[in-house]
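Below is the file structure26.txt, which contains compact mmCIF, C-alpha atoms.
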```
# COMPACT_ATOMS: atom_id res chain seq x y z
CA MET A 1 131.29 111.80 56.72
CA LYS A 2 130.42 110.08 60.00
CA THR A 3 131.49 111.87 63.13
CA ARG A 4 131.95 110.16 66.50
CA GLY A 5 132.05 111.92 69.84
CA ILE A 6 131.93 111.19 73.57
CA LEU A 7 129.13 112.35 75.85
CA ALA A 8 130.80 113.73 78.99
CA ASN A 9 127.71 114.36 81.12
CA PRO A 10 128.60 113.08 84.63
CA GLU A 11 124.96 112.17 85.29
CA SER A 12 124.89 109.77 82.32
CA PRO A 13 127.07 106.85 81.23
CA VAL A 14 129.82 107.60 78.71
CA PHE A 15 129.15 106.25 75.24
CA PHE A 16 130.16 106.80 71.59
CA LEU A 17 127.60 108.61 69.45
CA ASP A 18 127.41 108.19 65.70
CA ARG A 19 125.58 111.40 64.71
CA MET A 20 124.36 109.97 61.43
CA ASN A 21 123.11 106.57 62.49
CA TYR A 22 122.24 106.93 66.18
CA ASP A 23 119.45 108.61 68.15
CA VAL A 24 119.74 109.51 71.81
CA VAL A 25 117.41 107.32 73.89
CA THR A 26 116.47 108.11 77.50
CA LEU A 27 115.51 105.04 79.48
CA LYS A 28 115.05 106.60 82.90
CA ARG A 29 116.05 109.78 84.66
CA GLY A 30 119.83 110.01 84.41
CA VAL A 31 120.15 107.00 82.07
CA THR A 32 120.83 108.12 78.51
CA MET A 33 121.81 105.66 75.79
CA ALA A 34 122.28 105.55 72.02
CA GLN A 35 120.11 103.56 69.62
CA ARG A 36 120.89 102.96 65.96
CA THR A 37 118.48 104.30 63.35
CA ASP A 38 119.85 102.33 60.39
CA PRO A 39 119.05 98.64 59.94
CA GLN A 40 121.42 96.38 61.90
CA PRO A 41 121.81 92.62 62.17
CA SER A 42 119.68 91.01 64.87
CA SER A 43 122.83 90.01 66.75
CA VAL A 44 123.56 93.67 67.57
CA PRO A 45 121.56 94.92 70.59
CA ALA A 46 119.44 98.00 70.05
CA ILE A 47 120.42 99.53 73.40
CA ARG A 48 123.77 99.31 75.12
CA SER A 49 123.99 98.28 78.76
CA ALA A 50 125.05 101.01 81.17
CA TRP A 51 125.18 102.11 84.77
CA GLY A 52 122.21 104.18 85.87
CA PRO A 53 121.48 106.38 88.91
CA ARG A 54 122.57 105.16 92.30
CA TRP A 55 120.20 103.71 94.86
CA ASP A 56 120.52 104.06 98.66
CA HIS A 57 123.12 101.29 99.07
CA GLY A 58 124.92 101.03 95.76
CA ARG A 59 124.51 101.15 91.99
CA VAL A 60 121.95 100.09 89.40
CA HIS A 61 123.00 98.51 86.11
CA TYR A 62 120.67 98.38 83.07
CA ASP A 63 121.15 95.60 80.52
CA ASP A 64 120.65 95.82 76.75
CA HIS A 65 116.87 95.59 77.19
CA GLY A 66 116.60 98.19 79.96
CA GLN A 67 116.24 95.63 82.78
CA PRO A 68 117.76 97.01 86.05
CA THR A 69 119.98 94.91 88.30
CA PHE A 70 120.87 96.23 91.74
CA PHE A 71 124.43 96.15 93.06
CA ILE A 72 125.53 96.69 96.66
CA GLU A 73 128.46 99.06 97.10
CA ALA A 74 129.74 99.49 100.64
CA ARG A 75 132.86 99.79 102.75
CA ARG A 76 132.93 97.70 105.91
CA ALA A 77 135.85 97.26 108.33
CA GLY A 78 138.31 98.73 105.84
CA HIS A 79 137.17 96.50 102.95
CA TYR A 80 135.43 97.70 99.79
CA TYR A 81 132.55 95.59 98.48
CA LEU A 82 130.76 95.76 95.13
CA ARG A 83 128.35 92.84 95.04
CA LYS A 84 125.75 91.90 92.47
CA THR A 85 122.40 90.99 94.06
CA ASP A 86 120.62 89.33 91.09
CA VAL A 87 117.39 91.19 91.98
CA HIS A 88 115.58 93.79 89.92
CA THR A 89 113.46 95.86 92.35
CA GLU A 90 114.50 98.16 95.15
CA GLN A 91 112.44 96.33 97.78
CA GLU A 92 114.15 93.03 96.97
CA ALA A 93 117.49 94.85 96.93
CA LEU A 94 116.81 96.12 100.46
CA ALA A 95 116.27 92.53 101.57
CA GLU A 96 119.57 91.53 99.97
CA PHE A 97 121.33 94.46 101.63
CA ALA A 98 120.00 93.40 105.03
CA LEU A 99 121.39 89.93 104.38
CA PHE A 100 124.70 91.42 103.22
CA GLU A 101 124.99 93.36 106.48
CA THR A 102 124.85 90.15 108.53
CA ASN A 103 128.15 88.94 106.99
CA PRO A 104 129.53 91.09 104.14
CA SER A 105 132.44 88.83 103.25
CA ALA A 106 130.24 85.72 102.97
CA TYR A 107 127.41 87.31 100.99
CA LEU A 108 126.32 85.49 97.83
CA PRO A 109 123.89 86.84 95.18
CA ARG A 110 120.38 85.41 95.26
CA GLY A 111 120.89 83.50 92.01
CA VAL A 112 124.00 81.79 93.35
CA ARG A 113 122.24 80.79 96.55
CA GLN A 114 119.27 79.38 94.65
CA ALA A 115 121.56 77.48 92.28
CA LYS A 116 123.46 75.93 95.17
CA ALA A 117 120.20 74.91 96.84
CA ALA A 118 118.96 73.26 93.64
CA ALA A 119 122.28 71.64 92.67
CA PRO A 120 121.97 67.87 91.98
CA GLY A 121 123.47 65.68 94.65
CA GLU A 122 123.06 68.35 97.29
CA ALA A 123 119.87 67.80 99.23
CA GLY A 124 118.66 71.23 100.29
CA PRO A 125 116.40 71.95 103.26
CA PRO A 126 112.77 70.85 102.95
CA PRO A 127 110.21 73.41 101.77
CA LEU A 128 108.79 75.60 104.51
CA LEU A 129 105.08 76.14 103.87
CA LEU A 130 102.58 78.31 105.67
CA ASP A 131 99.92 75.78 106.55
CA LYS A 132 97.37 75.37 109.32
CA LYS A 133 99.88 73.59 111.55
CA LEU A 134 102.45 76.42 111.38
CA ALA A 135 99.75 79.07 111.84
CA THR A 136 98.39 77.34 114.96
CA GLU A 137 101.89 76.94 116.36
CA PHE A 138 102.66 80.64 115.82
CA ILE A 139 99.39 81.69 117.49
CA ASP A 140 100.15 79.46 120.50
CA TYR A 141 103.59 81.05 120.79
CA SER A 142 102.07 84.54 120.57
CA ARG A 143 99.57 83.73 123.30
CA GLU A 144 101.77 81.75 125.72
CA VAL A 145 105.21 83.37 125.28
CA LEU A 146 104.53 86.88 123.99
CA LYS A 147 101.28 87.06 126.00
CA LEU A 148 99.54 89.17 123.39
CA ALA A 149 96.08 90.51 124.10
CA PRO A 150 93.11 88.23 123.28
CA ASP A 151 91.63 90.70 120.80
CA TRP A 152 94.92 90.93 118.87
CA ILE A 153 95.26 87.13 118.99
CA ARG A 154 91.86 86.86 117.27
CA LYS A 155 92.88 89.36 114.59
CA LYS A 156 96.23 87.66 114.12
CA SER A 157 94.55 84.28 113.66
CA ALA A 158 92.25 85.74 110.99
CA TYR A 159 95.15 87.36 109.11
CA LEU A 160 97.21 84.16 109.25
CA ALA A 161 94.29 82.16 107.87
CA TRP A 162 94.05 84.68 105.03
CA TRP A 163 97.78 84.39 104.29
CA THR A 164 97.53 80.59 104.40
CA ASP A 165 95.09 80.74 101.47
CA MET A 166 97.06 83.41 99.58
CA LEU A 167 100.44 81.64 99.92
CA TRP A 168 99.24 78.07 99.51
CA GLY A 169 102.12 75.93 98.22
CA VAL A 170 104.70 78.76 98.35
CA ASP A 171 108.05 77.91 99.92
CA LEU A 172 108.83 80.64 102.47
CA ARG A 173 112.54 80.10 101.79
CA ARG A 174 112.15 81.32 98.21
CA ILE A 175 109.28 83.76 98.53
CA SER A 176 109.72 87.18 96.88
CA LEU A 177 108.52 90.53 98.13
CA ARG A 178 106.85 91.14 94.78
CA LEU A 179 104.66 88.07 95.29
CA VAL A 180 103.77 89.07 98.86
CA LEU A 181 102.79 92.62 97.94
CA SER A 182 100.80 91.45 94.92
CA LYS A 183 98.53 89.46 97.25
CA VAL A 184 97.53 92.46 99.37
CA PRO A 185 94.61 94.32 97.72
CA LYS A 186 95.70 97.83 96.71
CA GLY A 187 92.32 99.37 97.47
CA GLU A 188 92.23 98.04 101.01
CA ARG A 189 92.33 100.36 104.02
CA THR A 190 95.82 101.25 105.18
CA THR A 191 95.21 99.80 108.65
CA ALA A 192 94.20 96.39 107.27
CA ARG A 193 97.18 96.35 104.88
CA ALA A 194 99.52 97.27 107.72
CA HIS A 195 98.19 94.51 109.97
CA LYS A 196 98.45 91.85 107.27
CA ILE A 197 102.03 92.79 106.42
CA ALA A 198 103.02 93.10 110.09
CA VAL A 199 101.69 89.60 110.85
CA LEU A 200 103.62 88.03 107.98
CA ARG A 201 106.79 89.89 108.92
CA SER A 202 106.49 88.75 112.55
CA LEU A 203 106.08 85.17 111.31
CA GLY A 204 109.42 85.49 109.52
CA GLU A 205 111.05 86.76 112.72
CA TYR A 206 109.55 83.84 114.63
CA LEU A 207 110.92 81.29 112.17
CA THR A 208 114.37 82.93 112.24
CA ASP A 209 114.72 83.41 116.00
CA PRO A 210 117.08 80.74 117.41
CA ASP A 211 115.12 80.65 120.69
CA GLN A 212 112.19 79.02 118.89
CA ARG A 213 114.40 76.26 117.49
CA MET A 214 114.90 74.96 121.00
CA SER A 215 111.23 75.09 121.93
CA TYR A 216 108.34 75.43 119.50
CA ARG A 217 110.32 74.65 116.33
CA GLU A 218 112.30 71.69 117.66
CA ASN A 219 112.74 69.11 114.89
CA GLU A 220 110.74 71.38 112.58
CA PRO A 221 112.03 73.37 109.57
CA THR A 222 113.13 76.93 110.31
CA LEU A 223 114.54 79.86 108.34
CA GLU A 224 118.16 80.89 108.32
CA PRO A 225 118.67 84.70 108.51
CA GLU A 226 119.81 84.83 104.89
CA GLU A 227 116.63 83.01 103.81
CA ASN A 228 114.23 85.37 105.58
CA THR A 229 113.01 87.68 102.82
CA LEU A 230 110.00 88.71 104.92
CA HIS A 231 112.05 90.89 107.27
CA ALA A 232 112.43 93.46 104.46
CA LEU A 233 108.67 94.06 104.31
CA ARG A 234 107.75 97.64 105.08
CA VAL A 235 104.68 98.05 107.25
CA PRO A 236 102.56 100.97 105.95
CA GLN A 237 102.20 103.86 108.36
CA THR A 238 98.63 104.06 109.58
CA GLU A 239 96.92 107.31 110.47
CA PRO A 240 96.52 107.74 114.25
CA SER A 241 92.88 107.60 115.29
CA GLN A 242 93.20 110.90 117.15
CA SER A 243 94.15 112.68 113.91
CA LYS A 244 91.00 111.65 112.06
CA GLY A 245 88.95 114.33 113.69
CA LYS A 246 89.26 116.85 116.45
CA LYS A 247 87.73 115.57 119.67
CA ARG A 248 86.10 117.87 122.16
CA PRO A 249 87.83 117.86 125.54
CA VAL A 250 85.92 116.22 128.37
CA SER A 251 85.32 118.64 131.23
CA ILE A 252 85.80 117.84 134.92
CA ASP A 253 82.04 118.20 135.49
CA HIS A 254 81.37 115.61 132.81
CA LEU A 255 83.97 113.25 134.29
CA LYS A 256 82.29 113.58 137.67
CA LEU A 257 78.89 112.71 136.19
CA VAL A 258 80.33 109.72 134.37
CA LEU A 259 81.96 108.33 137.55
CA GLU A 260 78.65 108.74 139.40
CA ASN A 261 76.86 106.67 136.74
CA LEU A 262 79.65 104.12 136.24
CA THR A 263 78.75 100.78 137.82
CA GLY A 264 81.12 98.06 138.96
CA GLN A 265 84.15 98.58 141.22
CA VAL A 266 86.59 97.22 138.64
CA ASN A 267 85.25 99.60 136.00
CA ARG A 268 85.54 102.58 138.36
CA ASP A 269 89.06 101.63 139.48
CA ALA A 270 90.22 101.22 135.86
CA VAL A 271 89.01 104.70 134.92
CA ILE A 272 90.49 106.25 138.09
CA VAL A 273 93.94 104.77 137.40
CA LEU A 274 93.86 105.98 133.79
CA LEU A 275 92.86 109.47 134.92
CA GLY A 276 95.84 109.53 137.27
CA THR A 277 98.45 108.04 134.92
CA GLY A 278 97.50 108.86 131.34
CA TRP A 279 98.40 105.29 130.35
CA HIS A 280 97.22 103.47 127.27
CA ALA A 281 94.38 101.07 128.03
CA THR A 282 96.57 98.06 127.19
CA GLU A 283 99.18 99.25 129.70
CA LEU A 284 96.48 99.25 132.35
CA ARG A 285 95.58 95.68 131.51
CA HIS A 286 99.25 94.64 131.75
CA PHE A 287 99.48 96.37 135.11
CA ALA A 288 96.53 94.44 136.57
CA THR A 289 98.32 91.12 136.00
CA ASP A 290 102.05 91.89 135.77
CA GLY A 291 102.52 95.37 137.24
CA GLU A 292 104.09 96.52 140.50
CA ILE A 293 103.34 99.18 143.11
CA GLU A 294 106.43 100.71 144.67
CA PRO A 295 106.35 103.03 147.69
CA ALA A 296 107.29 106.62 146.98
CA PRO A 297 110.48 108.02 148.55
CA ALA A 298 110.10 110.81 151.09
CA GLU A 299 111.07 113.53 148.63
CA TYR A 300 108.31 112.38 146.25
CA ARG A 301 105.68 112.25 149.00
CA ARG A 302 106.31 115.89 149.79
CA THR A 303 105.01 116.76 146.29
CA GLY A 304 101.86 114.63 146.51
CA THR A 305 103.18 111.34 145.13
CA ALA A 306 101.88 108.35 147.11
CA ALA A 307 103.38 105.53 145.02
CA ILE A 308 105.07 104.62 141.75
CA LEU A 309 103.07 102.32 139.49
CA VAL A 310 105.17 100.19 137.15
CA THR A 311 103.51 98.61 134.13
CA LEU A 312 104.60 96.84 130.97
CA HIS A 313 104.83 99.25 128.07
CA ARG A 314 105.91 96.57 125.62
CA LYS A 315 106.06 92.79 125.82
CA GLY A 316 108.12 90.22 123.95
CA LYS A 317 111.87 90.35 123.34
CA SER A 318 111.98 94.14 123.56
CA LYS A 319 110.22 94.20 126.93
CA ARG A 320 109.97 97.66 128.51
CA LEU A 321 108.69 98.77 131.91
CA LYS A 322 106.99 102.10 132.43
CA PRO A 323 107.07 103.80 135.89
CA THR A 324 104.56 106.54 136.73
CA ARG A 325 104.16 108.60 139.90
CA VAL A 326 100.57 108.77 141.19
CA ALA A 327 98.62 110.33 144.07
CA GLU A 328 96.79 108.45 146.82
CA PRO A 329 93.42 107.87 145.00
CA ALA A 330 95.18 106.24 142.03
CA ARG A 331 97.36 104.12 144.36
CA ALA A 332 94.30 102.79 146.21
CA ALA A 333 92.47 102.01 142.95
CA ALA A 334 95.60 100.29 141.60
CA GLU A 335 95.81 98.01 144.64
CA ARG A 336 92.18 96.99 144.20
CA LEU A 337 92.76 96.28 140.50
CA GLN A 338 95.72 94.03 141.21
CA ALA A 339 93.78 92.22 143.92
CA HIS A 340 91.02 91.56 141.39
CA GLY A 341 93.45 90.38 138.67
CA GLY A 342 92.88 90.52 134.92
CA PHE A 343 89.81 92.07 133.33
CA ASP A 344 88.26 92.51 129.89
CA LEU A 345 89.03 95.94 128.42
CA ALA A 346 86.09 95.70 126.03
CA LYS A 347 83.65 95.27 128.92
CA VAL A 348 85.14 98.21 130.82
CA ASP A 349 84.97 100.38 127.70
CA LYS A 350 81.32 99.39 127.15
CA ALA A 351 80.47 100.22 130.77
CA LEU A 352 82.15 103.63 130.38
CA ARG A 353 80.13 104.46 127.28
CA THR A 354 76.95 103.30 129.00
CA ALA A 355 77.73 105.67 131.88
CA CYS A 356 78.20 108.51 129.37
CA ALA A 357 74.77 107.78 127.92
CA ALA A 358 73.23 107.73 131.40
CA ALA A 359 74.88 111.08 132.16
CA LYS A 360 73.54 112.41 128.81
CA ILE A 361 76.95 113.49 127.51
CA LYS A 362 78.79 112.62 124.32
CA PRO A 363 80.25 109.10 124.73
CA PHE A 364 84.02 108.60 124.98
CA GLY A 365 86.09 105.46 125.47
CA LEU A 366 89.12 104.36 127.47
CA GLY A 367 91.45 105.39 124.66
CA GLN A 368 90.42 109.05 124.93
CA ILE A 369 91.27 109.35 128.62
CA ARG A 370 94.95 109.69 127.77
CA HIS A 371 94.15 112.78 125.70
CA VAL A 372 91.93 114.12 128.50
CA VAL A 373 94.91 113.91 130.87
CA ALA A 374 97.18 115.72 128.41
CA SER A 375 94.62 118.48 127.75
CA TYR A 376 93.94 119.03 131.44
CA ALA A 377 97.64 119.29 132.29
CA LYS A 378 98.13 121.89 129.57
CA ALA A 379 95.20 123.93 130.87
CA GLU A 380 96.72 123.79 134.37
CA GLY A 381 100.04 125.23 133.16
CA ALA A 382 102.19 122.14 132.53
CA THR A 383 104.74 122.74 129.79
CA ASP A 384 104.86 120.63 126.64
CA ALA A 385 108.14 119.09 127.84
CA GLN A 386 106.61 118.09 131.19
CA ARG A 387 103.58 116.53 129.53
CA ALA A 388 105.70 114.68 126.98
CA ALA A 389 107.97 113.26 129.67
CA PHE A 390 105.09 112.16 131.94
CA LEU A 391 103.20 110.50 129.06
CA PHE A 392 106.40 109.02 127.58
CA HIS A 393 106.08 111.04 124.39
CA ASP A 394 109.56 112.57 124.58
CA ALA A 395 111.99 110.53 122.47
CA ARG A 396 114.98 112.21 124.12
CA THR A 397 114.09 110.91 127.58
CA ASN A 398 112.14 107.73 126.83
CA ASN A 399 115.15 105.43 126.49
CA ARG A 400 116.59 106.69 129.76
CA ASN A 401 113.26 106.33 131.58
CA TYR A 402 112.68 102.81 130.24
CA SER A 403 116.21 101.51 130.85
CA GLN A 404 116.69 103.02 134.31
CA LEU A 405 113.06 102.71 135.48
CA GLN A 406 113.19 106.42 136.07
CA SER A 407 109.89 108.14 136.80
CA VAL A 408 109.42 111.82 136.06
CA GLU A 409 107.73 114.59 138.00
CA ARG A 410 103.97 114.29 138.30
CA ILE A 411 101.83 116.72 136.32
CA PRO A 412 98.33 117.96 137.25
CA THR A 413 95.80 115.27 136.33
CA PRO A 414 91.98 115.26 136.12
CA LEU A 415 91.96 112.92 139.12
CA ASP A 416 93.39 115.70 141.31
CA ALA A 417 90.49 117.98 140.37
CA LEU A 418 87.91 115.21 140.96
CA VAL A 419 89.25 114.61 144.46
CA LYS A 420 89.03 118.31 145.32
CA SER A 421 85.50 118.72 143.95
```
What would you get if you wrote out this structure as structure tokens?
Amino acid sequence: MKTRGILANPESPVFFLDRMNYDVVTLKRGVTMAQRTDPQPSSVPAIRSAWGPRWDHGRVHYDDHGQPTFFIEARRAGHYYLRKTDVHTEQEALAEFALFETNPSAYLPRGVRQAKAAAPGEAGPPPLLLDKKLATEFIDYSREVLKLAPDWIRKKSAYLAWWTDMLWGVDLRRISLRLVLSKVPKGERTTARAHKIAVLRSLGEYLTDPDQRMSYRENEPTLEPEENTLHALRVPQTEPSQSKGKKRPVSIDHLKLVLENLTGQVNRDAVIVLLGTGWHATELRHFATDGEIEPAPAEYRRTGTAAILVTLHRKGKSKRLKPTRVAEPARAAAERLQAHGGFDLAKVDKALRTACAAAKIKPFGLGQIRHVVASYAKAEGATDAQRAAFLFHDARTNNRNYSQLQSVERIPTPLDALVKS
């Protein structure tokens, strides 16, 4: 006699089980289904469709063949939404969810949007291809509007040329994340993968930004926000260079020898300002062309602050200014740098390493000076909170400092010790 029962496991879908003619089949974790063991007509599916485990923003449904389809389940402004996305991977589902968030009530599944675009009698927008013309236009925008560094412009141009070959003939309106990720070699270094993905994602933002439609993209095809699949790309986290190996701290005596062997006033002034601020090298370059020197209030001067140097921490739409209190030697060097104007960081870094060789000490570059400042301050008794605030490493105070142009108390720097010696 055949016996039927109901599986009541809350982690699995509910289904009827014929103990004589069915076997339990596990598709994925939490997805349990029944499959017949006796011969059945071909019209009867071997596996029943069912809901599977949830994903971050909704549910996953598996069809008769085990193919997942992602659904968005959300409550917005008092309304409940359960929307089919027509995509089958979590990365593509994240892109659909980002589109859903722009206008939940007007969201349409990807298949519906593609069908409407291809419907006869309805002329859709022209294909948007990544060709040499678009790549050149994007590089010009990055150089003239975003004012990116020349070395990054060169790298960006190379990555765009690579993507132009990889995505030849692909319409950016209908591109899938699966296709993009399949083009990036899996064995490549994380840094190179991150840069390639970041460049393509920034291209999508450029094509979607309405500001470009009135300037660089006038009378040219652009992407609507719901067409921009590239914004869902996740840029791999690269390992910070300072974590790849412990670096020996540079002593004050060694710094003094290096400055004695460092030639060129611009090179010396650049190193002096970095020793007094702990800035990133790129922030120093921004300061030379776009920075400001503000006089220090009386209460600051009583504690050794001669001026407040304001540099650009970040350019572009999310522009941020970074104020730092400095002593008199750094103020004087900063004035000379601004009078000189822009300079080539690579040349300054090469001159610094040449000075290290002349002083017969282990070479270090401009990027390590920031860590020298942090190490010296710690040795002189500055707390971790003071160092983090001065170097803009404290997430709790960064937003306030950036938005209000608020400088924090100066910490002991290697420049103070060099002046005394």
Report as a PDB file with C-alpha atoms, in the frame of the given file all protein, DNA and RNA residues lying within 10 Å of Val250 in chain A, evaluated on all atoms listed in the file, omitting residues in the same chain fewer than 6 positions from it.
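Saved result, part_8.pdb, follows:
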```
ATOM      1  CA  ILE A 361      76.950 113.490 127.510  1.00  0.00           C
ATOM      2  CA  LYS A 362      78.790 112.620 124.320  1.00  0.00           C
ATOM      3  CA  PRO A 363      80.250 109.100 124.730  1.00  0.00           C
ATOM      4  CA  PHE A 364      84.020 108.600 124.980  1.00  0.00           C
ATOM      5  CA  GLN A 368      90.420 109.050 124.930  1.00  0.00           C
ATOM      6  CA  ILE A 369      91.270 109.350 128.620  1.00  0.00           C
ATOM      7  CA  HIS A 371      94.150 112.780 125.700  1.00  0.00           C
ATOM      8  CA  VAL A 372      91.930 114.120 128.500  1.00  0.00           C
ATOM      9  CA  VAL A 373      94.910 113.910 130.870  1.00  0.00           C
ATOM     10  CA  SER A 375      94.620 118.480 127.750  1.00  0.00           C
ATOM     11  CA  TYR A 376      93.940 119.030 131.440  1.00  0.00           C
ATOM     12  CA  PRO A 414      91.980 115.260 136.120  1.00  0.00           C
TER      13      PRO A 414
END
```
| task | Identify, on the basis of all atoms listed in the file, every residue whose closest approach to Gly381 in chain A does not exceed 10 Å; exclude the query and any residue fewer than 5 positions from it along the same chain; express the result as a list in words. | result | Tyr376, Gln386, Ile411 and Pro412 of chain A
| request: Check the smallest atom-to-atom distance from each of A:Glu188, A:Asp344, A:Glu96, A:Asp349 to Asp151 in chain A using only C-alpha atoms, then report the winner. | output: A:Asp344
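The gap separating CA of Glu260 in chain A from CA of Thr354 in chain A is 11.9 Å, in Å to one decimal.
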| Do you have the CA of Leu223 in chain A-CA of Ala135 in chain A distance handy? |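 The value is 15.2 Å.
If you look at CA of Thr85 in chain A and CA of Pro68 in chain A, they are 11.0 Å away from each other.
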| message | My list of candidates is A:Ser176, A:Ser157, A:Thr311, A:Ser105. Which is closest to Val87 in chain A when distances are computed with only C-alpha atoms? | response |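 Comparing A:Ser176, A:Ser157, A:Thr311, A:Ser105 against Val87 in chain A, the winner is A:Ser176.
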| message | Give me, as a ChimeraX atom specification, all polymer residues having an atom no more than 12 Å from Leu148 in chain A, counting only C-alpha atoms and skipping those fewer than 2 positions away in the same chain. | response | /A:138-146,150-157,282-283,285-286,312,314-316
| query | From the set A:Ala95, A:Val199, A:Ala149, A:Ile308, which residue has the shortest atom-to-atom contact distance to Pro225 in chain A, counting only C-alpha atoms? | reply | A:Ala95
| request: Identify, on the basis of only C-alpha atoms, every residue whose closest approach to Ala192 in chain A does not exceed 12 Å; exclude the query and any residue fewer than 3 positions from it along the same chain; express the result as a ChimeraX atom specification. | output: /A:155-156,158-159,162,184-189,195-199,235-239
Neighbour list for Ala306 in chain A as a tab-separated table (two decimals) with C-alpha atoms, in the frame of the given file, cut-off 6 Å, all atoms listed in the file, skip fewer than 4 positions in-chain:
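Dumped to selection-v3.tsv:
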```tsv
chain	number	residue	atom	x	y	z
A	296	ALA	CA	107.29	106.62	146.98
A	301	ARG	CA	105.68	112.25	149.00
A	327	ALA	CA	98.62	110.33	144.07
A	328	GLU	CA	96.79	108.45	146.82
```
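Minimum atom-to-atom distances from A:Lys133, A:Lys378, A:Arg113, A:Lys147 to Arg173 in chain A were compared using all atoms listed in the file, and the lowest value belongs to A:Arg113.
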| message | Here is a test: counting only C-alpha atoms, which residue of A:Gln114, A:Thr69, A:Thr89, A:Asn261 is nearest to Lys360 in chain A? | response |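 Comparing A:Gln114, A:Thr69, A:Thr89, A:Asn261 against Lys360 in chain A, the winner is A:Asn261.
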Can you tell me, as an mmCIF file with C-alpha atoms, in the frame of the given file, which residues sit within 10 Å of (99.8, 105.4, 126.9) in the file's frame, using all atoms listed in the file?
```
data_model
loop_
_atom_site.group_PDB
_atom_site.id
_atom_site.type_symbol
_atom_site.label_atom_id
_atom_site.label_comp_id
_atom_site.auth_asym_id
_atom_site.auth_seq_id
_atom_site.Cartn_x
_atom_site.Cartn_y
_atom_site.Cartn_z
ATOM 1 C CA LEU A 274 93.860 105.980 133.790
ATOM 2 C CA THR A 277 98.450 108.040 134.920
ATOM 3 C CA GLY A 278 97.500 108.860 131.340
ATOM 4 C CA TRP A 279 98.400 105.290 130.350
ATOM 5 C CA HIS A 280 97.220 103.470 127.270
ATOM 6 C CA ALA A 281 94.380 101.070 128.030
ATOM 7 C CA THR A 282 96.570 98.060 127.190
ATOM 8 C CA GLU A 283 99.180 99.250 129.700
ATOM 9 C CA LEU A 284 96.480 99.250 132.350
ATOM 10 C CA HIS A 313 104.830 99.250 128.070
ATOM 11 C CA LYS A 322 106.990 102.100 132.430
ATOM 12 C CA GLY A 367 91.450 105.390 124.660
ATOM 13 C CA ILE A 369 91.270 109.350 128.620
ATOM 14 C CA ARG A 370 94.950 109.690 127.770
ATOM 15 C CA HIS A 371 94.150 112.780 125.700
ATOM 16 C CA PHE A 390 105.090 112.160 131.940
ATOM 17 C CA LEU A 391 103.200 110.500 129.060
ATOM 18 C CA PHE A 392 106.400 109.020 127.580
ATOM 19 C CA HIS A 393 106.080 111.040 124.390
#
```
| field | Nearest-residue call for Asn228 in chain A, choices A:Gly58, A:Ala298, A:Leu99, A:Ala346, using only C-alpha atoms | value | A:Leu99
